[in-house]
Each structure stands twice: as structure tokens, then as C-alpha cells.
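Student: What follows is the file target-v4.tsv, containing TSV, C-alpha atoms:
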```
chain	number	residue	atom	x	y	z
A	1	MET	CA	113.80	115.85	99.35
A	2	ALA	CA	112.66	115.96	102.97
A	3	ARG	CA	113.44	113.04	105.21
A	4	ARG	CA	110.52	110.88	106.21
A	5	LEU	CA	110.27	108.87	109.38
A	6	SER	CA	108.07	105.83	109.00
A	7	ARG	CA	106.90	102.85	110.91
A	8	LEU	CA	107.52	99.72	108.87
A	9	SER	CA	104.49	98.08	107.40
A	10	VAL	CA	103.05	96.51	104.26
A	11	ILE	CA	99.45	95.99	103.33
A	12	ALA	CA	99.48	92.25	102.64
A	13	PRO	CA	101.71	89.27	102.04
A	14	LEU	CA	102.95	89.43	98.46
A	15	ALA	CA	101.94	93.06	98.23
A	16	LEU	CA	104.08	96.15	97.80
A	17	ALA	CA	104.74	98.09	100.94
A	18	CYS	CA	102.64	100.92	102.21
A	19	VAL	CA	104.69	103.03	104.60
A	20	LEU	CA	102.60	104.15	107.53
A	21	PRO	CA	103.82	107.51	108.78
A	22	SER	CA	104.40	108.09	112.41
A	23	ARG	CA	105.39	111.47	113.80
A	24	ARG	CA	107.23	113.50	111.17
A	25	GLY	CA	109.60	116.39	111.48
A	26	ALA	CA	112.07	117.04	114.24
A	27	TRP	CA	114.38	114.32	115.35
A	28	ALA	CA	113.88	115.27	118.99
A	29	GLN	CA	111.35	117.29	120.89
A	30	ASP	CA	112.35	120.86	121.67
A	31	ALA	CA	110.78	120.77	125.10
A	32	ALA	CA	111.45	118.01	127.58
A	33	PRO	CA	108.54	115.60	128.07
A	34	VAL	CA	106.48	115.48	131.25
A	35	ALA	CA	107.94	112.86	133.52
A	36	THR	CA	104.64	111.14	134.21
A	37	VAL	CA	104.95	107.73	132.64
A	38	SER	CA	107.13	104.68	132.71
A	39	PRO	CA	108.14	102.70	129.64
A	40	ALA	CA	109.00	99.46	131.34
A	41	PRO	CA	109.55	97.66	134.61
A	42	ALA	CA	113.08	96.94	135.75
A	43	THR	CA	114.96	94.41	133.66
A	44	PRO	CA	115.44	91.12	135.55
A	45	PRO	CA	118.83	89.65	134.61
A	46	SER	CA	117.19	86.22	134.20
A	47	LEU	CA	115.40	87.37	131.04
A	48	PHE	CA	118.64	87.26	129.09
A	49	ALA	CA	120.55	84.20	127.97
A	50	PRO	CA	124.13	84.16	129.27
A	51	PRO	CA	126.74	85.57	126.88
A	52	ALA	CA	127.65	82.97	124.28
A	53	PRO	CA	130.48	82.57	121.80
A	54	PRO	CA	129.66	83.84	118.31
A	55	VAL	CA	128.24	81.39	115.82
A	56	VAL	CA	130.04	83.43	113.17
A	57	SER	CA	133.52	84.81	113.80
A	58	SER	CA	136.38	86.56	112.04
A	59	GLY	CA	134.97	88.20	109.00
A	60	PRO	CA	132.36	87.06	108.68
A	61	LEU	CA	132.74	85.33	105.33
A	62	THR	CA	129.17	84.05	105.55
A	63	PHE	CA	126.11	84.41	107.77
A	64	ALA	CA	124.73	81.05	106.64
A	65	PRO	CA	125.38	79.23	109.96
A	66	LEU	CA	123.54	82.00	111.80
A	67	VAL	CA	120.59	81.86	109.37
A	68	ARG	CA	120.34	78.09	109.81
A	69	MET	CA	120.41	78.50	113.57
A	70	VAL	CA	117.68	81.15	113.98
A	71	GLY	CA	115.80	81.44	110.69
A	72	ALA	CA	113.03	78.99	111.53
A	73	ALA	CA	111.98	81.09	114.55
A	74	VAL	CA	111.23	84.18	112.43
A	75	VAL	CA	107.63	84.37	111.18
A	76	ASN	CA	105.55	86.40	108.75
A	77	ILE	CA	102.40	88.08	110.04
A	78	ALA	CA	99.33	89.08	108.01
A	79	VAL	CA	96.50	91.09	109.56
A	80	THR	CA	93.00	91.54	108.18
A	81	GLN	CA	89.86	93.37	109.12
A	82	ASP	CA	86.34	92.26	108.33
A	83	VAL	CA	84.63	94.27	105.58
A	84	HIS	CA	81.27	95.66	106.66
A	85	GLY	CA	79.17	96.99	103.79
A	86	GLN	CA	82.14	97.61	101.47
A	87	ARG	CA	82.75	96.12	98.06
A	88	ASN	CA	85.59	93.62	98.27
A	89	GLY	CA	88.78	94.87	96.74
A	90	GLN	CA	87.49	98.42	96.50
A	91	ARG	CA	90.23	99.86	98.62
A	92	VAL	CA	93.62	99.52	96.96
A	93	LEU	CA	96.24	101.76	98.45
A	94	PRO	CA	98.31	103.97	96.13
A	95	SER	CA	101.54	102.08	96.76
A	96	VAL	CA	99.99	98.91	95.30
A	97	ARG	CA	97.94	100.43	92.48
A	98	GLY	CA	99.62	99.91	89.13
A	99	THR	CA	102.21	97.43	90.40
A	100	PRO	CA	102.52	93.70	89.68
A	101	PHE	CA	101.14	93.05	93.15
A	102	GLU	CA	97.76	94.73	92.58
A	103	HIS	CA	96.19	91.67	90.92
A	104	LYS	CA	97.14	89.37	93.82
A	105	PHE	CA	95.84	91.92	96.26
A	106	ARG	CA	92.43	92.17	94.55
A	107	GLU	CA	92.15	88.40	94.23
A	108	ARG	CA	92.70	87.96	97.95
A	109	MET	CA	90.07	90.61	98.66
A	110	ARG	CA	87.47	88.80	96.59
A	111	SER	CA	88.25	85.36	97.99
A	112	HIS	CA	88.36	86.29	101.65
A	113	GLY	CA	85.80	89.05	101.97
A	114	GLU	CA	88.27	90.92	104.12
A	115	GLU	CA	90.18	94.15	103.95
A	116	MET	CA	93.92	93.63	104.21
A	117	LEU	CA	95.40	96.05	106.71
A	118	GLY	CA	99.03	95.06	106.68
A	119	ALA	CA	101.74	92.53	107.04
A	120	GLY	CA	104.86	92.39	109.10
A	121	SER	CA	107.20	90.12	110.95
A	122	GLY	CA	107.65	88.52	114.33
A	123	PHE	CA	109.76	85.95	116.16
A	124	VAL	CA	109.02	83.01	118.42
A	125	ILE	CA	110.42	83.24	121.96
A	126	ASP	CA	108.65	80.21	123.43
A	127	PRO	CA	108.13	76.79	121.77
A	128	ASP	CA	104.48	76.89	122.91
A	129	GLY	CA	103.84	79.65	120.34
A	130	ILE	CA	104.59	82.99	122.02
A	131	ILE	CA	105.55	85.55	119.35
A	132	VAL	CA	106.88	89.10	119.68
A	133	THR	CA	106.06	91.80	117.13
A	134	ASN	CA	105.17	95.52	116.93
A	135	THR	CA	101.88	96.98	118.10
A	136	HIS	CA	101.52	98.86	114.82
A	137	VAL	CA	101.63	95.53	112.96
A	138	VAL	CA	98.71	93.89	114.81
A	139	GLY	CA	96.96	96.70	116.67
A	140	ASP	CA	93.84	97.14	114.45
A	141	ALA	CA	93.44	93.57	113.26
A	142	ASP	CA	90.28	91.48	113.46
A	143	HIS	CA	92.28	88.46	112.34
A	144	ILE	CA	95.99	87.69	112.68
A	145	THR	CA	97.62	84.95	110.62
A	146	VAL	CA	101.15	83.73	111.29
A	147	SER	CA	103.12	81.97	108.53
A	148	LEU	CA	105.97	79.74	109.62
A	149	VAL	CA	109.10	79.23	107.56
A	150	ASP	CA	107.76	75.88	106.26
A	151	GLY	CA	104.62	77.56	104.92
A	152	THR	CA	102.30	76.50	107.74
A	153	GLU	CA	99.68	79.16	108.52
A	154	LEU	CA	98.28	79.47	112.04
A	155	PRO	CA	95.68	81.86	113.47
A	156	ALA	CA	96.98	83.99	116.32
A	157	HIS	CA	95.40	86.02	119.09
A	158	LEU	CA	96.71	89.10	120.85
A	159	ILE	CA	97.97	88.52	124.39
A	160	GLY	CA	98.84	92.16	125.04
A	161	SER	CA	100.33	95.28	123.53
A	162	ASP	CA	101.92	98.53	124.63
A	163	ASP	CA	101.23	101.55	122.41
A	164	LEU	CA	103.88	103.81	123.89
A	165	THR	CA	106.77	101.46	123.15
A	166	ASP	CA	105.13	99.77	120.11
A	167	ILE	CA	105.62	96.26	121.50
A	168	ALA	CA	103.06	93.46	121.18
A	169	VAL	CA	102.84	89.78	122.09
A	170	ILE	CA	100.67	87.31	120.17
A	171	LYS	CA	100.16	83.55	120.49
A	172	VAL	CA	99.49	80.64	118.16
A	173	GLN	CA	98.48	77.08	119.03
A	174	PRO	CA	101.05	74.89	117.25
A	175	SER	CA	100.66	71.14	116.91
A	176	ARG	CA	104.31	70.70	117.84
A	177	PRO	CA	106.91	72.77	119.71
A	178	LEU	CA	108.18	75.62	117.56
A	179	PRO	CA	111.79	76.70	117.01
A	180	PHE	CA	112.47	79.72	119.19
A	181	VAL	CA	115.14	82.29	119.91
A	182	ARG	CA	116.46	83.84	123.09
A	183	TRP	CA	117.10	87.41	124.17
A	184	GLY	CA	120.62	88.77	124.13
A	185	ASP	CA	121.60	91.68	126.35
A	186	SER	CA	121.63	94.83	124.20
A	187	ARG	CA	123.61	96.62	126.89
A	188	LEU	CA	126.61	94.61	125.66
A	189	VAL	CA	126.17	95.77	122.05
A	190	ASN	CA	128.76	98.24	120.82
A	191	ILE	CA	128.66	100.70	117.96
A	192	GLY	CA	130.29	98.90	115.05
A	193	ASP	CA	129.14	95.40	116.06
A	194	TRP	CA	127.74	93.14	113.36
A	195	ILE	CA	124.01	92.42	113.43
A	196	MET	CA	121.69	90.39	111.20
A	197	ALA	CA	118.10	91.54	110.63
A	198	ALA	CA	115.34	89.12	109.62
A	199	GLY	CA	111.76	89.62	108.48
A	200	ASN	CA	109.24	89.93	105.68
A	201	PRO	CA	110.22	92.97	103.57
A	202	PHE	CA	107.53	94.23	101.18
A	203	GLY	CA	105.51	91.09	101.88
A	204	LEU	CA	107.90	89.01	99.78
A	205	GLY	CA	108.55	86.40	102.48
A	206	SER	CA	111.35	85.49	104.85
A	207	SER	CA	114.54	87.43	104.24
A	208	VAL	CA	117.74	88.37	106.04
A	209	THR	CA	120.12	91.31	105.77
A	210	ALA	CA	123.33	92.16	107.59
A	211	GLY	CA	125.06	95.32	108.75
A	212	ILE	CA	126.44	97.02	111.81
A	213	VAL	CA	125.10	98.99	114.74
A	214	SER	CA	125.54	102.60	113.64
A	215	ALA	CA	124.54	104.38	116.85
A	216	ARG	CA	122.93	103.91	120.23
A	217	GLY	CA	120.34	105.89	122.16
A	218	ARG	CA	118.61	107.44	119.15
A	219	ASP	CA	115.62	109.69	119.89
A	220	ILE	CA	113.51	109.87	116.72
A	221	GLY	CA	110.51	111.64	118.20
A	222	THR	CA	108.02	108.77	118.23
A	223	SER	CA	107.50	108.66	122.02
A	224	PRO	CA	109.00	110.01	125.24
A	225	PHE	CA	110.85	106.71	125.63
A	226	ASP	CA	112.82	106.57	122.40
A	227	ASP	CA	116.14	104.81	122.93
A	228	PHE	CA	116.73	103.06	119.62
A	229	LEU	CA	119.69	101.23	118.21
A	230	GLN	CA	120.40	102.68	114.75
A	231	LEU	CA	121.16	99.92	112.24
A	232	ASP	CA	122.56	100.06	108.73
A	233	ALA	CA	121.37	96.57	107.75
A	234	PRO	CA	118.76	97.12	105.01
A	235	ILE	CA	115.34	97.23	106.71
A	236	ASN	CA	112.21	97.86	104.66
A	237	PRO	CA	108.45	98.08	105.21
A	238	GLY	CA	107.35	94.62	106.27
A	239	ASN	CA	110.39	94.11	108.51
A	240	SER	CA	108.41	95.66	111.38
A	241	GLY	CA	108.32	93.30	114.33
A	242	GLY	CA	111.25	91.25	113.12
A	243	PRO	CA	114.40	90.61	115.14
A	244	SER	CA	117.98	91.77	114.83
A	245	PHE	CA	120.48	89.19	116.03
A	246	ASN	CA	123.98	89.40	117.38
A	247	LEU	CA	126.48	86.89	116.01
A	248	SER	CA	125.59	84.48	118.80
A	249	GLY	CA	122.06	84.18	117.45
A	250	GLN	CA	120.48	86.14	120.31
A	251	VAL	CA	117.86	88.84	119.72
A	252	VAL	CA	119.26	92.26	120.62
A	253	ALA	CA	116.65	94.50	118.94
A	254	LEU	CA	113.05	94.59	117.68
A	255	ASN	CA	113.05	96.24	114.23
A	256	THR	CA	110.52	99.07	114.30
A	257	ALA	CA	111.17	102.15	112.14
A	258	ILE	CA	113.08	103.61	109.23
A	259	VAL	CA	113.98	107.05	107.97
A	260	SER	CA	113.55	107.22	104.22
A	261	PRO	CA	112.69	109.76	101.49
A	262	THR	CA	111.54	106.91	99.24
A	263	GLY	CA	109.71	104.47	101.52
A	264	GLY	CA	112.50	101.90	101.14
A	265	SER	CA	115.77	101.32	102.90
A	266	VAL	CA	118.45	103.99	102.71
A	267	GLY	CA	120.56	102.38	105.41
A	268	ILE	CA	118.97	104.09	108.41
A	269	GLY	CA	116.82	101.73	110.44
A	270	PHE	CA	115.91	101.60	114.11
A	271	GLY	CA	115.41	98.75	116.54
A	272	ILE	CA	114.15	98.80	120.12
A	273	PRO	CA	116.93	97.34	122.30
A	274	SER	CA	116.24	94.06	124.04
A	275	GLU	CA	116.92	95.70	127.41
A	276	ILE	CA	113.63	97.58	126.84
A	277	VAL	CA	111.69	94.91	124.94
A	278	ALA	CA	112.36	91.87	127.12
A	279	PRO	CA	110.85	93.15	130.41
A	280	ILE	CA	107.83	94.62	128.61
A	281	VAL	CA	107.21	91.32	126.83
A	282	ASP	CA	107.56	89.52	130.16
A	283	GLU	CA	104.95	91.74	131.77
A	284	LEU	CA	102.59	91.55	128.79
A	285	ARG	CA	102.75	87.77	129.00
A	286	ARG	CA	101.84	87.88	132.68
A	287	ASN	CA	99.29	90.71	132.77
A	288	GLY	CA	98.30	91.55	129.20
A	289	HIS	CA	99.06	95.22	129.79
A	290	ILE	CA	101.65	97.57	131.28
A	291	ASP	CA	100.92	99.53	134.46
A	292	ARG	CA	102.92	102.73	134.22
A	293	GLY	CA	104.04	104.96	137.02
A	294	TRP	CA	103.15	108.63	137.25
A	295	LEU	CA	105.07	111.34	139.08
A	296	GLY	CA	103.08	114.32	137.86
A	297	VAL	CA	105.81	116.85	137.06
A	298	THR	CA	106.88	118.87	134.04
A	299	LEU	CA	110.63	119.07	133.65
A	300	THR	CA	113.20	121.02	131.72
A	301	ASP	CA	116.86	120.36	131.02
A	302	GLY	CA	119.52	123.06	131.08
A	303	GLY	CA	118.07	125.34	133.73
A	304	ASP	CA	120.70	126.54	136.18
A	305	THR	CA	123.86	124.97	134.78
A	306	HIS	CA	125.48	125.22	138.22
A	307	VAL	CA	122.86	122.90	139.75
A	308	PRO	CA	122.93	119.21	138.79
A	309	GLY	CA	119.74	117.39	137.90
A	310	VAL	CA	116.55	118.47	136.12
A	311	GLU	CA	114.34	121.40	137.06
A	312	ILE	CA	110.64	121.08	137.90
A	313	VAL	CA	108.73	123.73	135.94
A	314	GLY	CA	105.23	122.39	136.52
A	315	ILE	CA	103.41	120.14	138.99
A	316	ASP	CA	100.11	118.36	138.32
A	317	ARG	CA	97.47	119.34	140.79
A	318	GLY	CA	96.74	116.45	143.15
A	319	GLY	CA	99.51	114.32	141.64
A	320	PRO	CA	102.17	112.32	143.47
A	321	ALA	CA	104.73	115.12	143.30
A	322	MET	CA	102.36	117.65	144.84
A	323	LYS	CA	101.38	115.18	147.56
A	324	ALA	CA	105.07	114.56	148.29
A	325	GLY	CA	105.69	118.28	148.77
A	326	LEU	CA	107.78	119.03	145.68
A	327	HIS	CA	107.87	122.64	144.47
A	328	ILE	CA	108.27	124.35	141.13
A	329	GLY	CA	111.93	125.33	140.91
A	330	ASP	CA	113.19	122.22	142.70
A	331	TYR	CA	115.96	120.29	140.97
A	332	ILE	CA	115.70	116.49	141.10
A	333	THR	CA	119.28	115.26	141.29
A	334	ALA	CA	118.81	111.54	142.06
A	335	VAL	CA	116.21	108.81	142.53
A	336	ASN	CA	116.95	106.26	145.26
A	337	GLY	CA	120.55	107.46	145.20
A	338	GLU	CA	120.98	107.07	141.41
A	339	PRO	CA	122.13	110.37	139.86
A	340	ILE	CA	119.81	112.08	137.36
A	341	ASP	CA	121.20	114.45	134.75
A	342	SER	CA	118.39	114.66	132.17
A	343	SER	CA	114.62	114.55	131.95
A	344	ARG	CA	114.83	111.40	129.87
A	345	MET	CA	116.93	109.71	132.53
A	346	LEU	CA	114.36	110.60	135.17
A	347	ILE	CA	111.59	109.14	133.01
A	348	ARG	CA	113.55	105.93	132.68
A	349	SER	CA	114.27	105.82	136.38
A	350	ILE	CA	110.59	106.17	137.23
A	351	ALA	CA	109.95	103.57	134.50
A	352	ALA	CA	111.68	100.96	136.65
A	353	LYS	CA	109.36	101.63	139.59
A	354	ARG	CA	105.93	100.06	139.94
A	355	PRO	CA	102.90	102.24	140.65
A	356	ALA	CA	102.14	102.49	144.39
A	357	SER	CA	105.80	101.93	145.25
A	358	THR	CA	107.76	104.55	147.18
A	359	VAL	CA	110.82	106.27	145.74
A	360	MET	CA	113.26	108.59	147.45
A	361	LEU	CA	113.72	111.79	145.43
A	362	HIS	CA	116.93	113.69	146.15
A	363	ILE	CA	116.47	117.37	145.33
A	364	ARG	CA	118.12	120.76	145.54
A	365	ARG	CA	115.85	123.56	146.76
A	366	HIS	CA	117.70	126.83	146.54
A	367	ARG	CA	120.96	125.87	148.26
A	368	GLU	CA	119.52	123.14	150.44
A	369	ALA	CA	119.79	119.40	149.72
A	370	LEU	CA	116.66	117.41	150.62
A	371	SER	CA	115.50	113.81	150.35
A	372	ILE	CA	111.75	113.49	149.87
A	373	PRO	CA	109.81	110.20	149.66
A	374	ALA	CA	107.13	110.05	146.97
A	375	ILE	CA	104.55	107.37	146.19
A	376	VAL	CA	104.49	106.64	142.46
A	377	GLY	CA	100.99	106.96	141.04
A	378	PHE	CA	99.18	105.15	138.23
A	379	ARG	CA	99.37	106.93	134.90
A	380	PRO	CA	95.97	108.31	133.89
A	381	ASP	CA	94.70	106.88	130.61
A	382	ASP	CA	94.31	110.30	129.05
A	383	THR	CA	97.82	111.44	129.87
A	384	GLY	CA	99.53	112.30	126.62
A	385	ASP	CA	103.07	112.70	127.90
```
Once you've parsed the file, please lay out its structure as C-alpha cells.

Tutor:
Amino acid sequence: MARRLSRLSVIAPLALACVLPSRRGAWAQDAAPVATVSPAPATPPSLFAPPAPPVVSSGPLTFAPLVRMVGAAVVNIAVTQDVHGQRNGQRVLPSVRGTPFEHKFRERMRSHGEEMLGAGSGFVIDPDGIIVTNTHVVGDADHITVSLVDGTELPAHLIGSDDLTDIAVIKVQPSRPLPFVRWGDSRLVNIGDWIMAAGNPFGLGSSVTAGIVSARGRDIGTSPFDDFLQLDAPINPGNSGGPSFNLSGQVVALNTAIVSPTGGSVGIGFGIPSEIVAPIVDELRRNGHIDRGWLGVTLTDGGDTHVPGVEIVGIDRGGPAMKAGLHIGDYITAVNGEPIDSSRMLIRSIAAKRPASTVMLHIRRHREALSIPAIVGFRPDDTGD
């Protein structure tokens, strides 16, 4: 049976999951992406809590202390869309039809006059009600409802979201300060480290699973900025937007995708590392959107193996690279003195630079080494790469 790559989602609380497909097929793109966009601003060290001793050590024999420490900060999210001219309950997705959850689904349709789009997870990072989740959990919602661990339901509104990295920030107005969790530094996470994932699998309610980090830097073909942690903790539809914790109770990943031939967990899940999520969340909180840089070049890896860097094979007319005087056939070897050895690395380097800032591009042109300043542009809205 062919492998299927899916974003994690369910259609409603207490409803069976409906796996929403993202890009299928190859694990990585055959051709290198155009280095025209930036996934995130630079990561300020102050976003991360200082390293802390593990809450759980040697074993562990139980994760219960960790669950007690962080569980109240993990929330369930239900999203709905107003029904306009449709019969309530008419649309029941195939994954629910014929299951024990279909009756509950139809009853909710009739009582609310809404079409349930999905359900997922999130986690509180500020006691005032700031919650992190995935864009694909809340992106098309007319109404967002957050359920706390004590059963309290609160309406939420979207502060900002970023489609390219699938990160969103929502806010509720609590009557009291909420339990919250802090970011851990995913750069300190090693393959083989224990992690605990939390969320709302299949709409059943709060749940935790445990496993290890199986791999780092996974590119699963969902965007030019894929840099996932691969996790073997069971993650299912509905866990989207939930956190994965280190043993100190710090969030080191945002659970986002699974690979599965069945729609359920087969032990291959993916989380966006906190080193990517934290600065994007910080900027979404401040601005509501992400301004991405644009260099305006098409790159390829593995050109002349004797020349370090990545080769420019195309230049956007009127773009920053053309204005800076770059040529097709140039090799970009470093940005501001930081070596570049792949197209993806160049994308991430430009990602740390704000539009309208100046970067120094170190290049090889034939046998000559040059340093060329370039002003990073704003990514056009219709740029697809």
C-alpha cells in the first residue's frame, strides 16, 4: 500500500478523524526551490527558557509528573463554519459515516446550525490566553472554540497565521490566568531523546503519548522550509497543533504531520522544531503576519562539484539579485560570512534577514571571488516558491 503524507486533523470533537491530505508523493523535491522567501526571522535567544533539569529522569518509569506539570496548558480546538443555504447535517464525511461518532456529529449539526470543519489541539504560552496551533487547524474557521482541560469552553479569535510554515496564533479571553508552558531549545534535542506528545487525537479529548526523536531535519515535501523533527510517539489526526515536550516540560516541537497508509499512527510523525516556531509566533503576536525576504534567484545543488556553494541558474527580472549585479552561473558560497553549501541553507539564511535589509553575498564567478551587497526584497504575494 502506498505511503500517505497527511496533515493531522479531525472533523469535530468526539468525531472520528478525517485526514486532510497535503502534498503527496516524493519525500523531497527533485529540483531545488527558488530562494525567494524566508520562513522566519532570526531566533532571539530570549525566546527560550534556560535549560532545566529533567522532571523525569532515569528510565523513565512514569511520565505522570510531567503530565501533571504541563497537561493543563494543552487545549482542544474545534472550528466551525456557518452554513449558508445548506441543510444542517447534510455533509457527513466518509470517515465518520457508519461509525459510532456519526450520530453525535449529526446532532451537533442540527443544534448549532453550523458545519463542523475540524478539530485539533493547541497549547497556551501566555497566561493571558495566547495559544499556538497549526494554520491548517484554524485557517478556514468562522468560529474557533477552545476547550480547557477542566471542560471550560472559550471562544477564540485568530491573531495571525503563516501558511508556509503552518503556524498560527489564537487568543481567548480567560476570566483568570491560564496555565502555560515555555519553549525549550530544539537545537539541544538529540536523536534518541525522549519526548512526550499531547493533544486531542480523533477528537476524543486530551491525551498524551511518549516516544523518542527518530530523526532531525526531515524534508517531507510540504514547503520549501521543511525541517521537521521525526517522532515515534503515536500521533494521530487531531494531534495537529499540539506540543511535544522534552523531559523538562518545555515545548520543543509543534506536532503537524504524519505519514500513514491507514490514516492513523504508524510511528512516523513530524513536529516543527521550536527554533522555527518560537520566532514566528513572536512575530505573529507583534504584527499578525510574517514579512518574508525575497532574493529573486533560482538555485541548483550539485553543479560544479569543485566549486563550493550553490549555483544560480535563474534570476528574476527586476528582482534584488538582478539589481545587485548577480549573474546566472555565479556560485553563492556565503551570506554575511556564513558558509552556504545547499539551496536550503541559503533559503534559511535569507530567512533570518528582514526585507529591506542589506546582506553581503560572497560568490565565485568563474575563478574570481567577489563580495556583492544585495538589498533583500519583499516577497511578492503570488510567489509560489

Student: In Å, how far is it from atom CA of A:Ala352 to atom CA of A:Gly293?

Tutor: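 We find that atom CA of A:Ala352 and atom CA of A:Gly293 lie 8.6 Å from each other.
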
Student: Can you list, as a ChimeraX atom specification, every protein, DNA or RNA residue that comes within 12 Å of A:Ser121 when you count only C-alpha atoms, leaving out same-chain residues fewer than 4 positions away?

Tutor: /A:8-10,12-13,73-79,131-138,144-149,168-170,197-208,235-244,254-256

Student: Go ahead and save the picked residues with C-alpha atoms, as a short mmCIF file (atom, residue, chain, number, x, y, z; two decimals), keeping the file's coordinate frame.

Tutor:
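Resulting contents of result.cif:
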```
data_model
loop_
_atom_site.label_atom_id
_atom_site.label_comp_id
_atom_site.auth_asym_id
_atom_site.auth_seq_id
_atom_site.Cartn_x
_atom_site.Cartn_y
_atom_site.Cartn_z
CA LEU A 8 107.52 99.72 108.87
CA SER A 9 104.49 98.08 107.40
CA VAL A 10 103.05 96.51 104.26
CA ALA A 12 99.48 92.25 102.64
CA PRO A 13 101.71 89.27 102.04
CA ALA A 73 111.98 81.09 114.55
CA VAL A 74 111.23 84.18 112.43
CA VAL A 75 107.63 84.37 111.18
CA ASN A 76 105.55 86.40 108.75
CA ILE A 77 102.40 88.08 110.04
CA ALA A 78 99.33 89.08 108.01
CA VAL A 79 96.50 91.09 109.56
CA ILE A 131 105.55 85.55 119.35
CA VAL A 132 106.88 89.10 119.68
CA THR A 133 106.06 91.80 117.13
CA ASN A 134 105.17 95.52 116.93
CA THR A 135 101.88 96.98 118.10
CA HIS A 136 101.52 98.86 114.82
CA VAL A 137 101.63 95.53 112.96
CA VAL A 138 98.71 93.89 114.81
CA ILE A 144 95.99 87.69 112.68
CA THR A 145 97.62 84.95 110.62
CA VAL A 146 101.15 83.73 111.29
CA SER A 147 103.12 81.97 108.53
CA LEU A 148 105.97 79.74 109.62
CA VAL A 149 109.10 79.23 107.56
CA ALA A 168 103.06 93.46 121.18
CA VAL A 169 102.84 89.78 122.09
CA ILE A 170 100.67 87.31 120.17
CA ALA A 197 118.10 91.54 110.63
CA ALA A 198 115.34 89.12 109.62
CA GLY A 199 111.76 89.62 108.48
CA ASN A 200 109.24 89.93 105.68
CA PRO A 201 110.22 92.97 103.57
CA PHE A 202 107.53 94.23 101.18
CA GLY A 203 105.51 91.09 101.88
CA LEU A 204 107.90 89.01 99.78
CA GLY A 205 108.55 86.40 102.48
CA SER A 206 111.35 85.49 104.85
CA SER A 207 114.54 87.43 104.24
CA VAL A 208 117.74 88.37 106.04
CA ILE A 235 115.34 97.23 106.71
CA ASN A 236 112.21 97.86 104.66
CA PRO A 237 108.45 98.08 105.21
CA GLY A 238 107.35 94.62 106.27
CA ASN A 239 110.39 94.11 108.51
CA SER A 240 108.41 95.66 111.38
CA GLY A 241 108.32 93.30 114.33
CA GLY A 242 111.25 91.25 113.12
CA PRO A 243 114.40 90.61 115.14
CA SER A 244 117.98 91.77 114.83
CA LEU A 254 113.05 94.59 117.68
CA ASN A 255 113.05 96.24 114.23
CA THR A 256 110.52 99.07 114.30
#
```

Student: Figure out the distance between atom CA of A:Arg317 and atom CA of A:Arg364, please, to one decimal in Å.

Tutor: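 Here the two named atoms are 21.2 Å from each other.
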
Student: Just the number, please: distance in Å from atom CA of A:Val213 to atom CA of A:Phe228, one decimal.

Tutor: 10.5 Å

Student: Counting only C-alpha atoms, what is within 7 Å of A:Pro234, bar same-chain residues fewer than 5 positions away, as a ChimeraX atom specification?

Tutor: /A:209,265,267

Student: I need the residues from that last selection saved to file as a PDB file, keeping the file's coordinate frame (with C-alpha atoms), if you can.

Tutor:
```
ATOM      1  CA  THR A 209     120.120  91.310 105.770  1.00  0.00           C
ATOM      2  CA  SER A 265     115.770 101.320 102.900  1.00  0.00           C
ATOM      3  CA  GLY A 267     120.560 102.380 105.410  1.00  0.00           C
TER       4      GLY A 267
END
```

Student: Could you give me the centre and size, in Å to one decimal, of an axis-aligned box around all listed atoms of stretch 320-335 of chain A with 6 Å added on every side, as lines of an AutoDock Vina configuration file?

Tutor:
```
center_x = 110.3
center_y = 117.1
center_z = 144.8
size_x = 29.9
size_y = 28.5
size_z = 19.9
```

Student: Please identify all polymer residues within 10 Å of A:Val189, counting only C-alpha atoms, omitting same-chain residues fewer than 6 positions from it, and present them as a list in words.

Tutor: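 Contacts, with the query itself left out: Ile195, Val213, Arg216, Leu229, Asn246, Val252 and Pro273 of chain A.
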
Student: Save out the residues we just selected, C-alpha atoms, as a PDB file, in the frame of the given file.

Tutor:
```
ATOM      1  CA  ILE A 195     124.010  92.420 113.430  1.00  0.00           C
ATOM      2  CA  VAL A 213     125.100  98.990 114.740  1.00  0.00           C
ATOM      3  CA  ARG A 216     122.930 103.910 120.230  1.00  0.00           C
ATOM      4  CA  LEU A 229     119.690 101.230 118.210  1.00  0.00           C
ATOM      5  CA  ASN A 246     123.980  89.400 117.380  1.00  0.00           C
ATOM      6  CA  VAL A 252     119.260  92.260 120.620  1.00  0.00           C
ATOM      7  CA  PRO A 273     116.930  97.340 122.300  1.00  0.00           C
TER       8      PRO A 273
END
```

Student: Could you check the closest approach to A:Lys323 for each of A:Ile347, A:Leu231, A:Ala374, A:Ala215 and tell me which residue wins, using all atoms listed in the file?

Tutor: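 Closest candidate: A:Ala374.
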
Student: Residues near A:Ala141, anyone? I mean within 9 Å using all atoms listed in the file, not counting same-chain ones fewer than 4 positions away, as a ChimeraX atom specification.

Tutor: /A:79-82,117-118,137

Student: Nearest residue to A:Phe245 out of A:Gly120, A:Gly296, A:Gly184, A:Pro380, using all atoms listed in the file?

Tutor: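 Closest to A:Phe245 of all the choices is A:Gly184.
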
Student: Measuring atom to atom with only C-alpha atoms, identify which of A:Glu283, A:Glu368, A:Glu338, A:Glu275 is nearest to A:Ser186.

Tutor: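 Among the listed residues, the smallest separation from A:Ser186 belongs to A:Glu275.
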
Student: Using all atoms listed in the file, which of A:Gly337, A:Arg379, A:Leu346, A:His289 sits nearest A:Glu311?

Tutor: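 The shortest atom-to-atom distance to A:Glu311 comes from A:Leu346.
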
Student: Mind listing as a PDB file with C-alpha atoms, keeping the file's coordinate frame all residues within 8 Å of (98.6, 107.4, 143.0), counting all atoms listed in the file?

Tutor:
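See point.pdb below for the written result:
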```pdb
ATOM      1  CA  TRP A 294     103.150 108.630 137.250  1.00  0.00           C
ATOM      2  CA  GLY A 319      99.510 114.320 141.640  1.00  0.00           C
ATOM      3  CA  PRO A 320     102.170 112.320 143.470  1.00  0.00           C
ATOM      4  CA  PRO A 355     102.900 102.240 140.650  1.00  0.00           C
ATOM      5  CA  ALA A 356     102.140 102.490 144.390  1.00  0.00           C
ATOM      6  CA  ILE A 375     104.550 107.370 146.190  1.00  0.00           C
ATOM      7  CA  VAL A 376     104.490 106.640 142.460  1.00  0.00           C
ATOM      8  CA  GLY A 377     100.990 106.960 141.040  1.00  0.00           C
ATOM      9  CA  PHE A 378      99.180 105.150 138.230  1.00  0.00           C
TER      10      PHE A 378
END
```

Student: Using all atoms listed in the file, which of A:Gln173, A:Thr333, A:Ser46, A:Ser260 sits nearest A:Ala156?

Tutor: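 Closest candidate: A:Gln173.
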
Student: Check the smallest atom-to-atom distance from each of A:Leu299, A:Leu361, A:Ile268, A:Ile258 to A:Thr222 using all atoms listed in the file, then report the winner.

Tutor: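 Selected residue with least distance to A:Thr222: A:Ile258.
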
Student: Keeping just C-alpha atoms, export stretch 180-191 of chain A of this structure as a compact mmCIF listing (two decimals), in the first residue's frame.

Tutor:
```txt
# COMPACT_ATOMS: atom_id res chain seq x y z
CA PHE A 180 1.06 27.93 30.32
CA VAL A 181 4.20 26.28 29.03
CA ARG A 182 7.54 27.62 27.86
CA TRP A 183 9.65 27.00 24.78
CA GLY A 184 12.63 24.69 25.00
CA ASP A 185 15.51 24.99 22.56
CA SER A 186 15.09 22.28 19.92
CA ARG A 187 18.69 22.79 18.85
CA LEU A 188 19.64 20.90 22.02
CA VAL A 189 17.44 17.91 21.14
CA ASN A 190 19.32 14.79 20.08
CA ILE A 191 18.19 11.80 18.08
```
